[in-house]
Every structure is written in structure tokens, then in C-alpha cells.
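Asker: File input-v5.txt follows (compact mmCIF, C-alpha atoms):
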```txt
# COMPACT_ATOMS: atom_id res chain seq x y z
CA MET A 28 97.58 80.69 55.22
CA THR A 29 95.39 83.03 57.26
CA ARG A 30 91.92 81.60 57.58
CA LYS A 31 88.72 83.61 57.59
CA LEU A 32 88.09 83.12 61.30
CA ASP A 33 91.64 84.27 62.15
CA LYS A 34 91.03 87.48 60.21
CA THR A 35 87.72 88.05 61.99
CA LEU A 36 89.25 87.51 65.42
CA ASP A 37 92.23 89.73 64.66
CA SER A 38 89.91 92.46 63.37
CA ILE A 39 87.97 92.35 66.65
CA LEU A 40 91.22 92.54 68.62
CA ASP A 41 92.38 95.47 66.48
CA LYS A 42 89.30 97.43 67.52
CA ARG A 43 90.38 96.97 71.13
CA ARG A 44 93.91 98.09 70.30
CA GLN A 45 92.61 101.29 68.74
CA ILE A 46 90.74 102.28 71.91
CA SER A 47 93.52 101.17 74.30
CA ARG A 48 91.54 98.23 75.65
CA ILE A 49 93.72 95.33 74.53
CA ARG A 50 94.68 92.88 77.25
CA SER A 51 97.92 90.91 77.38
CA LEU A 52 99.86 88.68 79.75
CA THR A 53 102.88 90.09 81.56
CA VAL A 54 105.59 88.66 83.78
CA ASN A 55 106.46 90.72 86.84
CA PRO A 56 110.16 91.52 87.38
CA SER A 57 111.46 89.36 90.22
CA ASN A 58 113.01 92.36 91.99
CA ALA A 59 109.94 94.61 91.86
CA ILE A 60 108.24 95.58 95.13
CA ASP A 61 104.77 94.06 95.15
CA PHE A 62 101.95 96.59 95.37
CA SER A 63 99.71 94.72 92.94
CA SER A 64 98.90 91.18 94.01
CA ASN A 65 96.06 89.97 96.22
CA ASP A 66 98.60 88.31 98.54
CA PHE A 67 97.28 90.53 101.33
CA LEU A 68 99.07 88.82 104.25
CA GLY A 69 102.24 88.15 102.28
CA LEU A 70 101.95 84.40 102.90
CA SER A 71 103.19 83.48 99.42
CA SER A 72 106.69 84.46 100.56
CA ASN A 73 106.27 83.67 104.26
CA SER A 74 109.03 81.30 105.40
CA GLU A 75 107.02 79.68 108.21
CA PHE A 76 104.12 79.00 105.87
CA LYS A 77 106.51 77.46 103.33
CA VAL A 78 108.14 75.16 105.92
CA ASN A 79 104.75 74.07 107.29
CA TYR A 80 103.48 73.34 103.79
CA LEU A 81 106.51 71.24 102.82
CA ASN A 82 106.24 69.32 106.08
CA GLU A 83 102.53 68.67 105.44
CA LEU A 84 103.33 67.28 101.98
CA GLN A 85 105.75 64.81 103.56
CA LEU A 86 102.93 63.45 105.70
CA LEU A 87 100.61 62.77 102.74
CA ASP A 88 100.40 59.38 101.02
CA ASN A 89 99.08 61.10 97.89
CA VAL A 90 100.34 64.49 96.69
CA ASN A 91 100.11 65.10 92.96
CA GLY A 92 96.51 64.56 91.91
CA SER A 93 92.94 64.02 93.00
CA THR A 94 92.36 61.54 90.11
CA GLY A 95 88.83 62.68 89.28
CA SER A 96 85.81 64.80 90.06
CA ARG A 97 84.56 64.82 93.63
CA LEU A 98 81.58 62.68 92.71
CA LEU A 99 83.82 59.95 91.29
CA ASP A 100 87.33 59.45 92.71
CA GLY A 101 88.42 62.98 93.61
CA ASN A 102 86.87 63.17 97.07
CA SER A 103 88.80 62.24 100.21
CA LEU A 104 88.56 62.13 103.98
CA TYR A 105 91.38 64.71 103.96
CA CYS A 106 89.16 67.16 102.03
CA GLU A 107 86.05 66.50 104.11
CA ASP A 108 87.99 67.03 107.36
CA LEU A 109 89.31 70.29 105.94
CA GLU A 110 85.78 71.40 105.04
CA LYS A 111 84.68 70.76 108.62
CA ARG A 112 87.54 72.90 109.91
CA VAL A 113 86.76 75.73 107.49
CA ALA A 114 83.06 75.66 108.42
CA TYR A 115 83.82 75.65 112.16
CA PHE A 116 86.34 78.48 111.84
CA HIS A 117 83.88 80.73 110.00
CA HIS A 118 80.91 79.79 112.24
CA SER A 119 78.98 77.95 109.53
CA GLU A 120 77.03 74.69 109.56
CA LYS A 121 78.80 73.31 106.49
CA ALA A 122 81.40 74.11 103.84
CA LEU A 123 81.89 72.81 100.30
CA ILE A 124 85.23 73.33 98.54
CA PHE A 125 85.39 74.24 94.85
CA ASN A 126 88.34 74.55 92.49
CA SER A 127 87.95 78.33 92.34
CA GLY A 128 85.85 81.22 93.53
CA PHE A 129 84.67 81.65 89.95
CA ASP A 130 83.37 78.07 89.86
CA ALA A 131 81.70 78.54 93.25
CA ASN A 132 79.84 81.70 92.24
CA VAL A 133 78.79 80.27 88.89
CA SER A 134 77.46 77.24 90.75
CA LEU A 135 75.60 79.18 93.44
CA PHE A 136 73.87 81.62 91.13
CA GLY A 137 73.54 79.20 88.23
CA CYS A 138 71.66 76.41 89.97
CA VAL A 139 70.21 77.57 93.32
CA PRO A 140 67.60 80.19 92.24
CA GLN A 141 64.48 78.41 91.06
CA PRO A 142 62.30 79.33 88.04
CA GLY A 143 60.74 82.74 88.58
CA ASP A 144 62.95 83.68 91.54
CA VAL A 145 64.63 87.09 91.66
CA ILE A 146 68.28 88.06 92.11
CA VAL A 147 68.95 91.58 93.42
CA TYR A 148 72.63 92.45 93.11
CA ASP A 149 75.03 95.29 93.73
CA GLU A 150 75.90 96.92 90.41
CA LEU A 151 79.63 96.29 91.03
CA ILE A 152 79.27 92.59 91.83
CA HIS A 153 82.05 90.34 90.51
CA ALA A 154 82.03 89.01 86.95
CA SER A 155 81.71 85.43 88.22
CA VAL A 156 78.29 86.26 89.69
CA HIS A 157 77.22 87.70 86.34
CA GLU A 158 78.30 84.45 84.65
CA GLY A 159 76.20 82.51 87.13
CA MET A 160 73.21 84.77 86.56
CA LYS A 161 73.48 84.24 82.80
CA ILE A 162 72.68 80.55 83.18
CA SER A 163 70.33 80.97 86.15
CA ARG A 164 66.65 80.11 85.94
CA ALA A 165 65.80 83.23 87.95
CA GLY A 166 63.05 85.25 86.31
CA LYS A 167 64.57 88.66 87.07
CA LYS A 168 68.08 89.97 87.81
CA ILE A 169 67.92 93.53 89.10
CA PRO A 170 70.87 95.72 90.12
CA PHE A 171 70.90 98.40 92.80
CA ALA A 172 73.28 101.37 93.06
CA HIS A 173 76.62 100.39 94.54
CA SER A 174 76.43 100.05 98.33
CA CYS A 175 73.45 102.42 98.40
CA VAL A 176 71.10 101.28 101.17
CA GLU A 177 68.32 103.61 100.02
CA ASP A 178 68.37 102.28 96.47
CA PHE A 179 68.57 98.73 97.77
CA GLU A 180 65.38 99.28 99.73
CA ARG A 181 63.68 100.91 96.72
CA VAL A 182 64.50 97.90 94.53
CA LEU A 183 63.44 95.50 97.27
CA GLN A 184 60.06 97.21 97.69
CA ASN A 185 59.38 96.95 93.97
CA VAL A 186 60.46 93.32 93.80
CA ILE A 187 58.39 92.26 96.82
CA SER A 188 55.36 94.03 95.38
CA GLU A 189 55.75 92.41 91.96
CA PHE A 190 56.92 88.96 93.11
CA PRO A 191 55.42 88.50 96.61
CA ASP A 192 55.78 84.71 96.72
CA LYS A 193 59.15 84.26 95.06
CA ASN A 194 62.56 83.67 96.61
CA ILE A 195 64.69 86.81 96.46
CA PHE A 196 68.48 86.42 96.49
CA ILE A 197 70.68 89.39 97.38
CA ALA A 198 74.24 89.33 96.02
CA VAL A 199 76.95 91.54 97.52
CA GLU A 200 80.66 91.47 98.29
CA SER A 201 82.00 92.30 101.73
CA VAL A 202 85.02 94.06 100.17
CA TYR A 203 84.82 95.08 96.53
CA SER A 204 87.78 94.00 94.44
CA MET A 205 88.28 97.12 92.34
CA ASP A 206 87.09 99.88 94.69
CA GLY A 207 88.29 98.39 97.95
CA ASP A 208 85.28 99.68 99.87
CA ILE A 209 83.42 97.69 102.50
CA ALA A 210 79.75 96.93 101.92
CA PRO A 211 77.28 98.31 104.50
CA LEU A 212 76.26 94.78 105.45
CA ALA A 213 74.64 95.66 108.78
CA GLU A 214 72.46 98.30 107.11
CA LEU A 215 71.51 95.98 104.23
CA VAL A 216 70.58 93.26 106.71
CA ALA A 217 68.47 95.78 108.67
CA VAL A 218 66.47 96.48 105.50
CA MET A 219 66.00 92.75 104.93
CA ARG A 220 64.77 92.27 108.49
CA LYS A 221 62.30 95.11 107.98
CA TYR A 222 60.57 93.20 105.17
CA TRP A 223 61.32 89.64 106.31
CA PRO A 224 61.45 89.72 110.13
CA ASN A 225 61.51 85.93 110.26
CA GLN A 226 63.82 85.47 107.24
CA GLU A 227 60.83 84.33 105.16
CA ASN A 228 62.07 84.44 101.57
CA GLY A 229 65.02 86.84 101.43
CA TYR A 230 68.42 85.16 101.00
CA MET A 231 71.68 87.08 101.21
CA ILE A 232 74.85 85.72 99.58
CA VAL A 233 78.09 87.49 100.52
CA ASP A 234 81.34 87.08 98.61
CA GLU A 235 84.13 87.37 101.20
CA ALA A 236 86.99 86.77 98.73
CA HIS A 237 88.85 89.97 99.66
CA SER A 238 88.15 89.91 103.38
CA ASN A 239 89.11 86.32 104.15
CA GLY A 240 92.22 86.32 106.34
CA VAL A 241 92.26 90.12 106.51
CA PHE A 242 89.23 91.21 108.52
CA GLY A 243 87.55 89.87 111.63
CA ASP A 244 88.89 87.91 114.57
CA GLN A 245 91.88 85.88 113.29
CA GLY A 246 90.79 86.69 109.72
CA ARG A 247 87.32 85.15 109.83
CA GLY A 248 85.88 87.85 107.54
CA ILE A 249 83.54 90.78 107.86
CA VAL A 250 80.34 88.74 108.28
CA CYS A 251 81.83 87.16 111.42
CA GLU A 252 83.22 90.51 112.55
CA LEU A 253 79.67 91.92 112.49
CA GLY A 254 78.11 88.79 114.01
CA LEU A 255 75.84 88.24 111.00
CA GLU A 256 76.64 84.59 110.33
CA ASP A 257 73.16 83.27 111.14
CA ILE A 258 71.49 85.77 108.79
CA MET A 259 73.44 84.65 105.73
CA PHE A 260 72.10 82.10 103.28
CA ALA A 261 75.58 81.55 101.85
CA ARG A 262 79.07 82.95 102.00
CA LEU A 263 81.98 82.51 99.61
CA HIS A 264 85.51 82.39 101.05
CA THR A 265 88.36 82.08 98.58
CA PHE A 266 91.84 80.76 99.37
CA GLY A 267 93.80 82.32 96.50
CA LYS A 268 94.26 85.80 97.93
CA ALA A 269 95.28 86.36 101.57
CA LEU A 270 95.71 82.60 102.13
CA ALA A 271 98.22 82.14 99.25
CA SER A 272 96.59 78.94 98.04
CA ASN A 273 93.83 78.24 95.51
CA GLY A 274 90.18 77.27 95.49
CA ALA A 275 87.19 78.46 97.48
CA ALA A 276 84.52 77.26 99.88
CA VAL A 277 80.80 77.93 99.90
CA LEU A 278 79.57 78.21 103.49
CA GLY A 279 75.93 77.42 104.27
CA SER A 280 73.50 74.81 105.49
CA ASN A 281 73.74 71.06 105.06
CA ILE A 282 70.80 71.24 102.63
CA LEU A 283 72.62 73.82 100.49
CA ARG A 284 75.75 71.67 100.47
CA ASN A 285 73.83 68.59 99.36
CA TYR A 286 71.97 70.56 96.69
CA LEU A 287 75.24 71.91 95.22
CA ILE A 288 76.75 68.41 95.21
CA ASN A 289 73.80 67.30 93.10
CA TYR A 290 73.34 70.29 90.78
CA ALA A 291 76.54 72.41 90.64
CA ARG A 292 77.92 71.52 87.22
CA PRO A 293 81.40 73.05 87.74
CA LEU A 294 81.77 70.74 90.76
CA ILE A 295 80.25 67.66 89.13
CA TYR A 296 82.07 67.82 85.80
CA SER A 297 85.54 69.10 86.79
CA THR A 298 88.51 67.15 88.06
CA PHE A 299 88.97 68.25 91.66
CA MET A 300 92.05 70.05 92.97
CA PRO A 301 95.05 67.86 93.92
CA TYR A 302 96.08 66.98 97.46
CA ASN A 303 98.95 69.49 97.39
CA SER A 304 96.40 72.29 96.95
CA LEU A 305 94.33 71.00 99.86
CA ALA A 306 97.50 70.83 101.95
CA SER A 307 98.21 74.50 101.27
CA ILE A 308 94.69 75.47 102.37
CA LYS A 309 95.11 73.39 105.54
CA CYS A 310 98.40 75.08 106.39
CA ALA A 311 96.86 78.51 105.83
CA TYR A 312 94.06 77.71 108.29
CA ASP A 313 96.65 76.35 110.74
CA LEU A 314 98.16 79.86 110.77
CA LEU A 315 94.78 81.57 111.13
CA GLU A 316 93.59 79.27 113.91
CA SER A 317 96.85 79.57 115.86
CA GLY A 318 96.67 83.37 115.80
CA LYS A 319 100.07 83.61 114.08
CA SER A 320 98.55 85.62 111.24
CA VAL A 321 97.19 88.30 113.61
CA PRO A 322 100.47 90.32 113.67
CA LEU A 323 100.34 90.40 109.87
CA GLN A 324 96.73 91.62 110.03
CA ASN A 325 97.69 94.34 112.52
CA HIS A 326 100.70 95.45 110.49
CA LEU A 327 98.55 95.59 107.37
CA THR A 328 96.02 97.81 109.16
CA GLU A 329 98.83 100.16 110.19
CA LEU A 330 100.15 100.30 106.61
CA ILE A 331 96.68 101.21 105.30
CA GLN A 332 96.38 104.04 107.82
CA PHE A 333 99.89 105.24 106.97
CA PHE A 334 99.18 105.24 103.24
CA ARG A 335 95.91 107.13 103.65
CA SER A 336 97.36 109.74 105.99
CA THR A 337 100.57 110.32 104.02
CA ILE A 338 99.54 110.47 100.38
CA SER A 339 98.54 113.91 99.16
CA LEU A 340 96.19 113.83 96.19
CA PRO A 341 92.83 115.46 95.43
CA ALA A 342 90.01 113.53 97.11
CA ASP A 343 88.41 112.54 93.80
CA MET A 344 91.66 110.91 92.63
CA LEU A 345 91.93 108.53 95.58
CA LEU A 346 89.60 105.59 96.13
CA PRO A 347 87.67 106.03 99.41
CA SER A 348 88.98 102.74 100.79
CA SER A 349 89.94 101.56 104.28
CA THR A 350 91.10 98.16 103.04
CA PRO A 351 94.36 96.89 101.50
CA ILE A 352 92.93 97.74 98.06
CA GLN A 353 93.79 101.36 97.29
CA GLY A 354 93.78 103.16 93.97
CA ILE A 355 94.47 106.33 92.05
CA VAL A 356 91.59 107.19 89.73
CA LEU A 357 92.29 108.93 86.43
CA ASN A 358 90.04 109.54 83.45
CA GLY A 359 90.98 107.26 80.56
CA ASN A 360 92.91 104.09 79.87
CA GLU A 361 96.09 105.75 78.62
CA PRO A 362 96.58 108.01 81.68
CA VAL A 363 96.43 105.05 84.09
CA ARG A 364 98.76 103.02 81.88
CA LYS A 365 101.19 105.93 81.80
CA LEU A 366 101.24 106.24 85.60
CA ALA A 367 101.61 102.47 85.99
CA ARG A 368 104.55 102.42 83.56
CA TYR A 369 106.24 105.23 85.49
CA LEU A 370 105.89 103.38 88.81
CA ASN A 371 106.94 100.07 87.21
CA ASN A 372 110.11 101.75 85.95
CA LYS A 373 110.78 102.93 89.51
CA GLY A 374 110.69 99.33 90.76
CA PHE A 375 107.09 99.06 91.96
CA ASN A 376 104.73 96.37 90.72
CA VAL A 377 101.36 98.09 90.20
CA LYS A 378 98.77 97.51 87.51
CA PRO A 379 96.49 99.81 85.51
CA ILE A 380 92.82 98.83 85.64
CA ALA A 381 91.26 100.00 82.40
CA SER A 382 87.71 100.13 81.12
CA PRO A 383 85.69 98.00 80.48
CA THR A 384 86.93 96.20 83.63
CA VAL A 385 85.88 99.36 85.49
CA PRO A 386 83.42 102.01 84.24
CA VAL A 387 84.60 104.56 81.68
CA GLY A 388 85.96 107.59 83.51
CA GLN A 389 86.79 105.50 86.58
CA GLU A 390 90.00 103.92 85.30
CA ARG A 391 92.60 103.56 88.02
CA VAL A 392 96.00 102.32 89.07
CA ARG A 393 95.22 99.65 91.65
CA ILE A 394 97.54 99.59 94.65
CA CYS A 395 97.41 96.66 97.05
CA LEU A 396 99.14 96.74 100.40
CA HIS A 397 100.44 93.58 102.07
CA GLY A 398 101.38 92.28 105.48
CA ASN A 399 104.99 91.87 104.34
CA ASN A 400 105.37 95.39 102.91
CA THR A 401 107.39 97.83 105.03
CA PHE A 402 106.68 101.42 105.97
CA MET A 403 109.80 102.40 103.99
CA GLN A 404 108.46 100.69 100.86
CA VAL A 405 105.08 102.41 101.18
CA SER A 406 106.79 105.75 101.83
CA SER A 407 108.95 105.30 98.69
CA LEU A 408 105.88 104.49 96.61
CA ILE A 409 104.05 107.59 97.85
CA LYS A 410 107.13 109.73 97.14
CA GLU A 411 107.25 108.56 93.51
CA ILE A 412 103.51 109.17 93.09
CA HIS A 413 103.95 112.73 94.34
CA ILE A 414 106.93 113.27 92.03
CA TYR A 415 104.96 111.95 89.06
CA PHE A 416 102.07 114.33 89.54
CA ASP A 417 104.43 117.27 90.14
CA ILE A 418 106.10 116.44 86.80
CA GLN A 419 102.73 116.18 85.08
CA SER A 420 101.71 119.56 86.51
CA ILE A 421 104.92 121.20 85.29
CA GLN A 422 104.53 119.69 81.81
CA HIS A 423 100.90 120.82 81.65
CA LYS A 424 101.85 124.37 82.61
CA ALA A 425 104.65 124.39 80.01
CA LEU A 426 102.28 123.24 77.27
CA SER A 427 99.78 125.92 78.26
CA VAL A 428 102.44 128.66 78.04
CA SER A 429 103.68 127.30 74.70
CA ALA A 430 100.13 127.33 73.30
CA LYS A 431 99.69 130.98 74.33
CA LEU A 432 102.92 131.95 72.58
```
For the structure just supplied, provide its representation as C-alpha cells.
Answerer:
Amino acid sequence: MTRKLDKTLDSILDKRRQISRIRSLTVNPSNAIDFSSNDFLGLSSNSEFKVNYLNELQLLDNVNGSTGSRLLDGNSLYCEDLEKRVAYFHHSEKALIFNSGFDANVSLFGCVPQPGDVIVYDELIHASVHEGMKISRAGKKIPFAHSCVEDFERVLQNVISEFPDKNIFIAVESVYSMDGDIAPLAELVAVMRKYWPNQENGYMIVDEAHSNGVFGDQGRGIVCELGLEDIMFARLHTFGKALASNGAAVLGSNILRNYLINYARPLIYSTFMPYNSLASIKCAYDLLESGKSVPLQNHLTELIQFFRSTISLPADMLLPSSTPIQGIVLNGNEPVRKLARYLNNKGFNVKPIASPTVPVGQERVRICLHGNNTFMQVSSLIKEIHIYFDIQSIQHKALSVSAKL
């Protein structure tokens, strides 16, 4: 028997199907070449990382569970020592590990802003920040045009004028997940210093999820690369992308850490990650600290330059990115799905990014480069992209001639 709620839910899903917005789970073919995942350094298949991880597990008395939330039985000296290492590596006073970057952002933006405070955020900020803002006590949440320093200053002037005594939080990403562009952090900080020369009540929070392990000295991130650590109120570094692990750390002051321990509900009311997850994070930082990941960083940089200089597409079809996140922008969900299917059939794992995940008209096939990809693999991908668009051009011309006849 189909119940009323089932019919309602299916009707809602059917509306998505009709406009090509339905989502579904897929399993990647094991033999496909990965140009999709966020495994930017290729550590998920790195043999040295695997051996180090298995050896670390052998050294642990406990492996399979944390047994509770961090405020009950889930905390450990092993975790706290790891937090100290993470904080020291990224030039921060303290670090606090969460089960995921999503939990960390929801916690930061959900509980830190006080009643009447203001959050100014980049219009393309991650969905997890939006979830945090939904439950935040902040009085206003105001977007500014993506990475536009002029619009940021305009919004800031208005906010300072209207809320002169309130805390103002600024939310940005160092590398944006769907566009792959790098935020103008130095310029944004310069604007902040103009209005708060002594860091009075402006607080910048930078999500470094897509730069961790990839940018900066030994993969410390873009904030460290620019020497802006002391200006930041908080930073978020995730472990599930370039570091091939899971979880995230909020970097900040000791006061911020203690406040989150007391008020961050995702931390307080969730069973903490198991020891085997912490071991993976430790082994990833072993690689970063030793400098053994630097050749992967350098190779990745060379692949990005090769991709950008070799692919031949109109400028408006290619994301203006200098990071591992590249993309081919087409207008509409079906065109990007069609291109993705073509490349999938040629043995490349790429994914279409459809609206509403990205704005209508900015749908794209997302292409991620990795430290374990080869120049030959990238060259083969580019070749198939060129062939696809040549075929599309020929078909379009044929249809035009047929219509005239």
C-alpha cells in the first residue's frame, strides 16, 4: 500500500525529474581514470601512506571506536596530541577536531555569533555555512558579490554604519569548491584593516577545505602562504580531501576552542570519530611535516599549468581557475550531463554539476586534477574533450543545413 506521504514525496521528486534536477547515487567503475574526486594529492591510493597507516594501527591499543562523544568517553590523549600537532603545523594557537567539515561550519556559524551580530559572506560560500547561519543568533546575514573586493567594502561600510557596536563575521573560502578560484584574501584583509586597524570587531573565518595539503609551504594552506594567520579569527581545515582521511579541525584561539567545546551541538551530541580515523589524519600530517608530499604538490602544479595551456575552448566555457578544480561550463543541466556521459564512456571519471548546486546557466562538468595523475592521462582527457566539441559542432552544422532544406 502506498501511503499519502509516499505519494507526496514521490510527486516532489517527479518535479525534479522533469527539470533534470534529480540526484542519485552512483558507483564509479574501478578502471576509470579519476578526474572527479577531491583526492588532490592522490593519497587514497598512495602505497607509502597505506603502509604507514597500517603500521600506525598496529601500534594502537584501541582501533575500532571512540565509544562516545568527546565530552563523555570519546576524547583521548591521542586526539589531543594530534590537535596540538595540527595547530602547530598551521601556525595556530589551538585546534579542535570535528567529525566533518560540515559539522565544524555548522558549529562555528551556529553558536559563535551573538544576538544582533552580523555575518557578511561571499555569495558562493559553502552550503554548510548556510546551514550554520540558519540556526545562528546573528541579526543579519548579508552576502557580497563573489570575490569582489569593491562590493565587499560597500557591504562593510553599510553594516558598520548600521551596526557600529556589533561583532561582524566575514565568511569566505580560500579555494571555492565549484569554481576553483582563489579568494583575494590579502585584498579583503586590507579592507578590514582600513575599518578596524586594531582588529576591533571584525572577525574573518576562512574555510581552507580545498587548499589544505595543496597550497602553501608543505601544504599549510593559503592563509599561511600569505602570512595572514594572526589576522584570522578562525580557519577550517578538512582532512577528507587532499589528506585522504575524514573529519576537520577548527583553528583559532584557546577561548574559541573552549567556547566550541561548551556550545557546539554537533560536537557535544555526536559520537566522536574512531581511533582508526585519527590514525589516518596523523599519518597524513606525518607526510606533510616530513616534506614527502611536496613532490606531489609540485607535480600537481605542473599538471594544472599543462591542462590550462593545452586545452582549447572558448574562454567563457572554461572556469578561470589556477587550482586543481577545473571545469567546462555549459548552459543547462542536460548539456553537462551529456558531456559527462561521453567522457565516462571514454574511461574518465568526471561528474556533471547541475543547478541548483550551481547557478542556472553556470552548470559545468567539474574536472579535478590529482598528484597521481600523469601528463598522458591529462592529455588523453583533453583530446576527448576536443573531439566531443568537434562532433557537436559538426552535428549542429548538419542540423542547420537540414532545417534550411
Asker: List as a CSV table (one decimal) with C-alpha atoms, in the coordinates of the input the protein and nucleic acid residues near Ala172 of chain A, meaning an atom at most 8 Å away when all atoms listed in the file are counted, but skip any in the same chain fewer than 4 places from it.
Answerer:
```csv
chain,number,residue,atom,x,y,z
A,149,ASP,CA,75.0,95.3,93.7
A,150,GLU,CA,75.9,96.9,90.4
A,178,ASP,CA,68.4,102.3,96.5
A,179,PHE,CA,68.6,98.7,97.8
```
Asker: Write out as JSON an axis-aligned box for segment 104-115 of chain A: all of its atoms listed in the file, 5 Å added on each side, centre and edge lengths in Å with one decimal.
Answerer:
```
{"center_x": 87.2, "center_y": 68.9, "center_z": 107.1, "size_x": 18.3, "size_y": 23.6, "size_z": 20.1}
```
Asker: Which neighbours of Phe62 of chain A fall inside 9 Å, counting all atoms listed in the file, when residues of the same chain fewer than 4 positions from it are skipped, and could you give them as a PDB file with C-alpha atoms, in the coordinates of the input?
Answerer:
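Contents of the output file part28.pdb:
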```pdb
ATOM      1  CA  PHE A 375     107.090  99.060  91.960  1.00  0.00           C
ATOM      2  CA  ASN A 376     104.730  96.370  90.720  1.00  0.00           C
ATOM      3  CA  VAL A 377     101.360  98.090  90.200  1.00  0.00           C
ATOM      4  CA  LYS A 378      98.770  97.510  87.510  1.00  0.00           C
ATOM      5  CA  ARG A 393      95.220  99.650  91.650  1.00  0.00           C
ATOM      6  CA  ILE A 394      97.540  99.590  94.650  1.00  0.00           C
ATOM      7  CA  CYS A 395      97.410  96.660  97.050  1.00  0.00           C
ATOM      8  CA  LEU A 396      99.140  96.740 100.400  1.00  0.00           C
ATOM      9  CA  HIS A 397     100.440  93.580 102.070  1.00  0.00           C
ATOM     10  CA  ASN A 400     105.370  95.390 102.910  1.00  0.00           C
ATOM     11  CA  VAL A 405     105.080 102.410 101.180  1.00  0.00           C
ATOM     12  CA  LEU A 408     105.880 104.490  96.610  1.00  0.00           C
TER      13      LEU A 408
END
```
Asker: Hey, can you check how far atom CA of Glu256 of chain A sits from atom CA of Ser119 of chain A?
Answerer: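 These two atoms are separated by 7.1 Å.
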Asker: Here is a test: counting all atoms listed in the file, which residue of A:Cys175, A:Leu287, A:Leu36, A:Met231 is nearest to Pro211 of chain A?
Answerer: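 So, comparing all the options, the nearest one is A:Cys175.
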Asker: Go through A:Asp343, A:Gln404, A:Tyr105, A:Ala114 and flag the residue nearest Leu330 of chain A, using all atoms listed in the file for the distances.
Answerer: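 Nearest to Leu330 of chain A: A:Gln404.
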Asker: Let me make sure I understand: among A:Gly279, A:Gly398, A:Lys31, A:Asn58, which one has the smallest atom-to-atom distance to His326 of chain A if we use only C-alpha atoms?
Answerer: A:Gly398
Asker: Any idea what's packed within 8 Å of segment 345-354 of chain A, counting all atoms listed in the file, ignoring anything in its chain fewer than 5 positions away? Could you give it as a list of chain:residue names?
Answerer: A:Phe67, A:Val202, A:Ser204, A:Met205, A:Asp206, A:Gly207, A:Asp208, A:Ile209, A:Leu327, A:Thr328, A:Ile331, A:Gln332, A:Leu340, A:Arg391, A:Val392, A:Arg393, A:Ile394, A:Cys395, A:Leu396, A:His397
Asker: Suppose you want the space between atom CA of Arg44 of chain A and atom CA of Ser64 of chain A; what is it in Å?
Answerer: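 We find that atom CA of Arg44 of chain A and atom CA of Ser64 of chain A lie 25.2 Å from each other.
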Asker: Tell me which of A:Val133, A:Ala367, A:Leu253, A:Leu270 sits closest to Ala236 of chain A, counting all atoms listed in the file.
Answerer: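 Counting all atoms listed in the file, the residue closest to Ala236 of chain A is A:Leu270.
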Asker: Give me, please, the distance in Å between atom CA of Arg48 of chain A and atom CA of Phe129 of chain A, quoted to one decimal.
Answerer: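 Those two atoms sit 22.9 Å apart.
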Asker: Let me make sure I understand: among A:Val385, A:Ser272, A:His413, A:Phe333, which one has the smallest atom-to-atom distance to Tyr302 of chain A if we use all atoms listed in the file?
Answerer: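 Under the stated criterion, the closest residue is A:Ser272.
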Asker: Find the residues with any atom within 9 Å of (104.6, 78.2, 110.9); use only C-alpha atoms and the coordinates as given in the file, and write the answer as a ChimeraX atom specification.
Answerer: /A:73-80,310,313-314,319
